[in-house]
>>> print(open('protein29.txt').read())   # compact mmCIF, C-alpha atoms and all ligand atoms
# COMPACT_ATOMS: atom_id res chain seq x y z
CA MET A 1 0.00 0.00 0.00
CA PRO A 2 1.72 3.25 -1.08
CA VAL A 3 2.14 5.97 1.54
CA ARG A 4 2.44 9.62 0.56
CA ILE A 5 3.97 12.11 2.98
CA LEU A 6 2.22 15.39 2.31
CA ASP A 7 4.52 17.63 4.32
CA PRO A 8 8.06 16.20 4.19
CA GLN A 9 9.42 19.49 5.59
CA CYS A 10 7.84 18.68 8.95
CA VAL A 11 11.01 16.80 9.98
CA ALA A 12 13.29 19.75 9.13
CA LYS A 13 13.78 20.91 12.71
CA THR A 14 13.75 17.76 14.80
CA PHE A 15 15.31 15.26 12.37
CA PRO A 16 16.71 17.04 9.30
CA ASP A 17 18.35 13.89 7.89
CA TYR A 18 15.23 11.78 8.35
CA PHE A 19 14.76 10.86 4.69
CA GLU A 20 18.47 10.22 4.03
CA THR A 21 18.46 7.91 7.07
CA LEU A 22 15.21 6.23 6.02
CA PHE A 23 16.35 5.54 2.46
CA GLY A 24 19.75 4.43 3.77
CA VAL A 25 18.18 1.56 5.72
CA VAL A 26 15.15 0.45 3.70
CA ARG A 27 15.64 -2.05 0.90
CA ALA A 28 13.61 -2.34 -2.27
CA ASN A 29 13.63 -4.51 -5.35
CA VAL A 30 15.36 -2.45 -7.97
CA GLU A 31 12.43 -2.78 -10.39
CA ASP A 32 10.14 -1.23 -7.76
CA ILE A 33 12.22 1.96 -7.57
CA PRO A 34 10.44 4.51 -9.76
CA VAL A 35 12.24 6.01 -12.74
CA ILE A 36 11.25 8.85 -15.04
CA THR A 37 13.36 9.20 -18.19
CA ILE A 38 13.84 12.46 -20.06
CA ASP A 39 15.61 11.99 -23.39
CA GLY A 40 16.09 14.40 -26.23
CA PRO A 41 18.55 16.30 -28.38
CA THR A 42 21.25 18.70 -27.26
CA ALA A 43 20.11 21.88 -25.46
CA SER A 44 16.44 20.89 -25.46
CA GLY A 45 16.29 21.83 -21.77
CA LYS A 46 16.49 18.23 -20.49
CA GLY A 47 18.90 19.06 -17.69
CA THR A 48 16.79 21.89 -16.29
CA LEU A 49 13.54 19.95 -16.61
CA THR A 50 15.14 16.90 -15.00
CA ASP A 51 16.38 18.96 -12.04
CA GLU A 52 12.98 20.61 -11.58
CA VAL A 53 11.00 17.36 -11.71
CA ALA A 54 13.47 15.62 -9.38
CA GLN A 55 13.35 18.51 -6.94
CA ALA A 56 9.54 18.47 -6.89
CA LEU A 57 9.45 14.72 -6.20
CA GLY A 58 12.51 14.50 -3.93
CA TYR A 59 14.14 12.07 -6.41
CA ASP A 60 17.79 11.69 -7.43
CA VAL A 61 19.11 12.83 -10.80
CA LEU A 62 21.19 10.97 -13.36
CA ASP A 63 22.87 13.35 -15.82
CA SER A 64 24.11 10.62 -18.14
CA GLY A 65 25.64 13.19 -20.51
CA ALA A 66 28.09 14.04 -17.72
CA LEU A 67 29.33 10.42 -17.80
CA TYR A 68 30.00 10.61 -21.54
CA ARG A 69 31.56 14.04 -21.12
CA VAL A 70 33.88 12.96 -18.31
CA THR A 71 34.86 9.85 -20.29
CA GLY A 72 35.76 12.03 -23.29
CA LEU A 73 37.68 14.43 -21.06
CA ALA A 74 39.61 11.67 -19.28
CA ALA A 75 40.44 9.99 -22.59
CA SER A 76 41.81 13.18 -24.03
CA ARG A 77 43.82 13.87 -20.85
CA HIS A 78 45.30 10.37 -21.09
CA HIS A 79 46.04 10.92 -24.79
CA VAL A 80 43.77 8.03 -25.75
CA ASP A 81 42.55 8.22 -29.35
CA LEU A 82 38.82 9.10 -29.13
CA ALA A 83 38.24 7.07 -32.30
CA ASP A 84 39.50 3.90 -30.57
CA GLY A 85 36.37 2.64 -28.80
CA GLU A 86 38.02 -0.31 -27.04
CA ALA A 87 40.82 1.87 -25.65
CA VAL A 88 38.36 4.50 -24.37
CA ALA A 89 36.12 1.79 -22.87
CA ALA A 90 39.13 0.24 -21.09
CA LEU A 91 39.67 3.56 -19.34
CA VAL A 92 36.15 3.66 -17.82
CA PRO A 93 36.65 1.16 -14.94
CA THR A 94 39.83 2.99 -13.92
CA LEU A 95 38.15 6.39 -13.57
CA ASP A 96 38.08 7.87 -10.07
CA LEU A 97 34.68 9.59 -10.29
CA LYS A 98 32.52 11.20 -7.64
CA PHE A 99 29.14 12.87 -8.04
CA GLU A 100 28.46 15.36 -5.27
CA SER A 101 25.41 17.64 -5.30
CA GLY A 102 25.63 18.55 -8.96
CA ARG A 103 29.46 18.57 -9.09
CA VAL A 104 31.59 15.98 -10.83
CA LEU A 105 35.01 15.13 -9.39
CA LEU A 106 37.60 13.35 -11.53
CA ASP A 107 40.67 12.26 -9.54
CA GLU A 108 39.40 14.55 -6.74
CA GLU A 109 39.46 17.56 -9.12
CA ASP A 110 36.19 19.45 -9.69
CA VAL A 111 35.80 19.26 -13.48
CA SER A 112 32.16 20.45 -13.60
CA ALA A 113 32.94 23.69 -15.47
CA GLU A 114 35.15 21.94 -18.01
CA LEU A 115 32.47 19.31 -18.58
CA ARG A 116 29.94 21.95 -19.63
CA GLN A 117 32.13 23.36 -22.40
CA GLU A 118 31.02 22.78 -25.99
CA ALA A 119 34.37 21.18 -26.83
CA THR A 120 33.76 18.55 -24.13
CA GLY A 121 30.25 17.94 -25.50
CA LEU A 122 31.75 17.16 -28.88
CA MET A 123 34.24 14.73 -27.31
CA ALA A 124 31.32 13.10 -25.47
CA SER A 125 29.46 12.57 -28.70
CA GLN A 126 32.58 11.03 -30.28
CA VAL A 127 33.14 8.52 -27.48
CA GLY A 128 29.38 7.88 -27.13
CA ALA A 129 29.27 6.53 -30.67
CA HIS A 130 31.28 3.42 -29.64
CA PRO A 131 29.25 0.39 -28.49
CA ALA A 132 32.14 -0.64 -26.18
CA VAL A 133 31.99 2.72 -24.38
CA ARG A 134 28.20 2.48 -24.02
CA ARG A 135 28.56 -1.01 -22.54
CA ALA A 136 31.28 0.19 -20.15
CA LEU A 137 29.02 2.98 -18.85
CA HIS A 138 25.85 0.86 -18.60
CA GLN A 139 26.18 -0.44 -15.02
CA LEU A 140 27.42 2.91 -13.75
CA GLN A 141 24.11 4.41 -14.90
CA LEU A 142 21.99 1.62 -13.38
CA ASN A 143 23.69 2.30 -10.03
CA PHE A 144 21.91 5.65 -9.87
CA ARG A 145 18.55 3.88 -9.42
CA ARG A 146 18.15 4.36 -5.69
CA LEU A 147 15.29 5.15 -3.34
CA PRO A 148 13.11 7.11 -3.34
CA GLY A 149 13.34 7.41 -7.15
CA LEU A 150 15.29 8.68 -10.13
CA VAL A 151 14.88 11.15 -12.95
CA ALA A 152 17.34 10.19 -15.70
CA ASP A 153 18.40 12.60 -18.43
CA GLY A 154 20.09 11.56 -21.67
CA ARG A 155 19.66 10.14 -25.15
CA ASP A 156 18.86 6.48 -24.48
CA MET A 157 17.52 6.46 -20.92
CA GLY A 158 14.08 5.23 -22.01
CA THR A 159 15.30 2.93 -24.78
CA ALA A 160 18.48 1.21 -23.53
CA ILE A 161 19.16 1.95 -19.86
CA PHE A 162 15.75 2.03 -18.13
CA PRO A 163 13.37 0.40 -20.64
CA ASP A 164 10.99 -0.39 -17.75
CA ALA A 165 10.66 3.26 -16.65
CA ALA A 166 7.09 4.12 -15.69
CA LEU A 167 7.18 7.48 -17.47
CA LYS A 168 9.30 8.34 -20.51
CA VAL A 169 9.46 11.84 -21.93
CA PHE A 170 11.10 12.75 -25.22
CA LEU A 171 11.84 16.45 -25.05
CA THR A 172 12.38 18.52 -28.19
CA ALA A 173 12.58 22.15 -29.20
CA SER A 174 13.36 23.75 -32.55
CA ALA A 175 17.06 24.08 -33.46
CA ALA A 176 16.71 27.89 -33.40
CA THR A 177 15.24 27.85 -29.88
CA ARG A 178 17.90 25.46 -28.65
CA ALA A 179 20.75 27.53 -30.09
CA GLU A 180 19.26 30.66 -28.53
CA ARG A 181 18.96 29.00 -25.10
CA ARG A 182 22.49 27.63 -25.20
CA HIS A 183 23.75 31.07 -26.26
CA LYS A 184 22.01 32.78 -23.31
CA GLN A 185 23.29 30.13 -20.92
CA LEU A 186 26.93 30.58 -22.04
CA ILE A 187 26.79 34.39 -22.12
CA SER A 188 25.31 34.46 -18.61
CA LYS A 189 28.32 32.45 -17.43
CA GLY A 190 30.66 34.94 -19.09
CA ILE A 191 31.65 32.43 -21.80
CA PRO A 192 31.82 34.11 -25.24
CA ALA A 193 29.57 32.41 -27.82
CA ASN A 194 28.29 32.85 -31.36
CA ILE A 195 24.73 31.78 -32.03
CA ASP A 196 25.28 30.59 -35.64
CA SER A 197 28.24 28.42 -34.78
CA LEU A 198 26.40 27.08 -31.73
CA ARG A 199 23.48 26.06 -33.93
CA ALA A 200 25.85 24.41 -36.43
CA ASP A 201 27.60 22.55 -33.58
CA LEU A 202 24.41 21.28 -32.02
CA GLU A 203 22.98 20.19 -35.34
CA ALA A 204 26.23 18.30 -36.07
CA ARG A 205 26.07 16.66 -32.65
CA ASP A 206 22.39 15.70 -33.13
CA ALA A 207 23.18 14.22 -36.55
CA ARG A 208 25.92 12.05 -35.02
CA ASP A 209 23.72 11.05 -32.06
CA LYS A 210 20.85 10.07 -34.37
CA GLY A 211 22.98 8.40 -37.01
CA ARG A 212 25.10 6.12 -34.82
CA SER A 213 24.24 2.44 -34.79
CA ALA A 214 24.69 1.99 -31.00
CA SER A 215 21.67 3.36 -29.11
CA PRO A 216 20.86 6.16 -31.55
CA LEU A 217 18.95 9.16 -30.28
CA GLN A 218 15.32 8.28 -30.81
CA ALA A 219 12.14 8.40 -28.80
CA ALA A 220 11.15 5.15 -27.08
CA ALA A 221 7.99 3.69 -28.61
CA ASP A 222 6.17 4.35 -25.33
CA ALA A 223 7.58 7.87 -24.75
CA ILE A 224 5.45 10.99 -24.64
CA GLU A 225 6.88 13.65 -26.97
CA LEU A 226 7.01 17.16 -25.59
CA ASP A 227 8.04 20.14 -27.73
CA ASN A 228 8.86 22.85 -25.20
CA SER A 229 9.82 25.61 -27.71
CA GLN A 230 6.89 27.74 -26.56
CA GLN A 231 6.84 26.70 -22.92
CA THR A 232 8.39 28.04 -19.76
CA ILE A 233 10.29 25.55 -17.65
CA GLY A 234 7.56 25.73 -15.01
CA GLU A 235 4.92 24.77 -17.59
CA SER A 236 6.95 21.79 -18.80
CA ARG A 237 7.61 20.68 -15.23
CA ASP A 238 3.94 20.86 -14.25
CA LEU A 239 2.96 18.90 -17.34
CA VAL A 240 5.46 16.12 -16.57
CA LEU A 241 4.32 16.06 -12.94
CA SER A 242 0.70 15.73 -14.08
CA TRP A 243 1.67 12.76 -16.31
CA TRP A 244 3.48 11.23 -13.35
CA GLN A 245 0.46 11.75 -11.15
CA GLU A 246 -1.68 9.87 -13.72
CA ARG A 247 0.74 6.93 -13.85
CA GLY A 248 2.15 6.78 -10.35
CA PRO A 249 0.84 4.87 -7.37
CA PHE A 250 -1.19 7.91 -6.25
CA LYS A 251 -3.34 8.36 -9.35
CA ALA A 252 -6.71 9.81 -8.48
O1 LIG A 301 23.44 15.67 -22.67
P1 LIG A 301 24.82 16.16 -23.00
O2 LIG A 301 24.84 17.32 -23.96
O3 LIG A 301 25.63 16.44 -21.78
O4 LIG A 301 25.52 14.93 -23.73
C1 LIG A 301 26.76 15.08 -24.38
C2 LIG A 301 26.89 14.02 -25.46
O5 LIG A 301 27.01 12.74 -24.81
C3 LIG A 301 25.70 13.88 -26.40
O6 LIG A 301 25.78 14.71 -27.54
C4 LIG A 301 25.73 12.42 -26.77
O7 LIG A 301 26.57 12.19 -27.87
C5 LIG A 301 26.36 11.74 -25.57
N1 LIG A 301 25.34 11.08 -24.76
C6 LIG A 301 24.91 9.85 -25.15
N2 LIG A 301 24.00 9.16 -24.39
C7 LIG A 301 23.51 9.70 -23.28
C8 LIG A 301 23.90 10.99 -22.87
C9 LIG A 301 24.83 11.66 -23.64
O8 LIG A 301 25.34 9.34 -26.17
N3 LIG A 301 22.64 9.00 -22.55
>>> encode(input="protein29.txt", output="structure tokens", more="lines below")
Ligand code: C5P
Amino acid sequence: MPVRILDPQCVAKTFPDYFETLFGVVRANVEDIPVITIDGPTASGKGTLTDEVAQALGYDVLDSGALYRVTGLAASRHHVDLADGEAVAALVPTLDLKFESGRVLLDEEDVSAELRQEATGLMASQVGAHPAVRRALHQLQLNFRRLPGLVADGRDMGTAIFPDAALKVFLTASAATRAERRHKQLISKGIPANIDSLRADLEARDARDKGRSASPLQAAADAIELDNSQQTIGESRDLVLSWWQERGPFKA
């Protein structure tokens, strides 16, 4: 019988770590741990939507792109040829990776800012094209499925990694909208950017992600497609939460 806690903040004063403690001791069959997948092309707003939905539900986040990005970065730092899938895949089990509240540490160094750069995104899409690399990262992604639930963001979350997810969203936006958003995001961080070259880069990356034979970017057959070009993030979040409400254990 599912139990919903309507006011989780009520423990804030007397037992602030209540839920961390609770989910540290309870055990669940992995297939009973709820997963929402949010797949889609580059700069469609997946990361922001994923964070918002996870925050609203108190779930964990898997930013699978960060795993491909950090693999690309580590390979280039180790002078491994990004075209050599087996060599890049062999590096994966040796990586000293930590994920701490939105930051990624590689060999104890915070590489979060470097991971977000466009150049790292391109390296990610190169290494992500190799089946051996995708296999090497598979279990690492499954490990993120922990209580109380997970929102997973990527390209193949609903097709290859969590095919049993209870809700799958395929998020799109026009290329012009996506280039504009990425441009704003970079400028606001003080990173110089040109909108035309950004659009060309993201279209090139999408073409590679869609065209590869290993887990190409495509909507799962049972995914709901959401074009958020004309939506605010709050509108997209509320829509996804309403879909979740219809499917979850608390449907009216
Ligand atoms: O989502 P993000 O832009 O961080 O992803 C960077 C690149 O990593 C993508 O362009 C894609 O090639 C690759 N990727 C992938 N599968 C995922 C997530 C990312 O192939 N699940």
>>> closest_residue(input="protein29.txt", among="A:Gly234, A:Gly58, A:Pro249, A:Gly45", to="A:Leu150", atoms="only C-alpha atoms")
A:Gly58
>>> closest_residue(input="protein29.txt", among="A:Arg116, A:Cys10, A:Ala165, A:Met157", to="A:Trp244", atoms="only C-alpha atoms")
A:Ala165
>>> closest_atom_pairs(input="protein29.txt", of="chain A", to="ligand LIG 301 (chain A)", cutoff="6 Å", atoms="only C-alpha atoms and all ligand atoms", output="CSV")
residue,atom,partner,partner_atom,distance
A:Thr42,CA,A:LIG301,O2,5.1
A:Ser64,CA,A:LIG301,C8,4.7
A:Gly65,CA,A:LIG301,O3,3.5
A:Ala66,CA,A:LIG301,O3,5.3
A:Tyr68,CA,A:LIG301,O5,4.9
A:Arg69,CA,A:LIG301,C1,5.9
A:Gly121,CA,A:LIG301,C1,4.6
A:Ala124,CA,A:LIG301,O5,4.4
A:Ser125,CA,A:LIG301,O7,3.0
A:Gly128,CA,A:LIG301,O8,4.4
A:Gly154,CA,A:LIG301,N3,3.7
A:Arg155,CA,A:LIG301,N3,4.1
A:Asp156,CA,A:LIG301,N3,4.9
A:Met157,CA,A:LIG301,N3,5.9
A:Arg205,CA,A:LIG301,O6,5.5
A:Asp209,CA,A:LIG301,O7,5.2
>>> closest_residue(input="protein29.txt", among="A:Thr14, A:Asn194, A:Gln9, A:Thr37", to="A:Glu118", atoms="all atoms listed in the file")
A:Asn194
>>> residues_around(input="protein29.txt", residues="A:Ala207", least_positions_apart="6", cutoff="10 Å", atoms="only C-alpha atoms", output="PyMOL selection string")
chain A and resi 41+201+216-217
>>> closest_residue(input="protein29.txt", among="A:Asp17, A:Leu115, A:Glu225, A:Gly102", to="A:Leu73", atoms="all atoms listed in the file")
A:Leu115
>>> atom_distance(input="protein29.txt", atom1="atom CA of A:Leu97", atom2="atom CA of A:Met123")
17.8 Å
>>> closest_atom_pairs(input="protein29.txt", of="stretch 16-82 of chain A", to="stretch 172-193 of chain A", cutoff="7 Å", atoms="all atoms listed in the file", output="tab-separated table")
residue	atom	partner	partner_atom	distance
A:Gly40	CA	A:Thr172	CA	5.9
A:Pro41	CA	A:Thr172	CA	6.6
A:Ala43	CA	A:Arg178	CA	5.3
A:Ser44	CA	A:Thr172	CA	5.4
>>> atom_distance(input="protein29.txt", atom1="atom CA of A:Leu122", atom2="atom CA of A:Asn143")
25.3 Å
>>> atom_distance(input="protein29.txt", atom1="atom CA of A:Ala204", atom2="atom CA of A:Val127")
14.7 Å
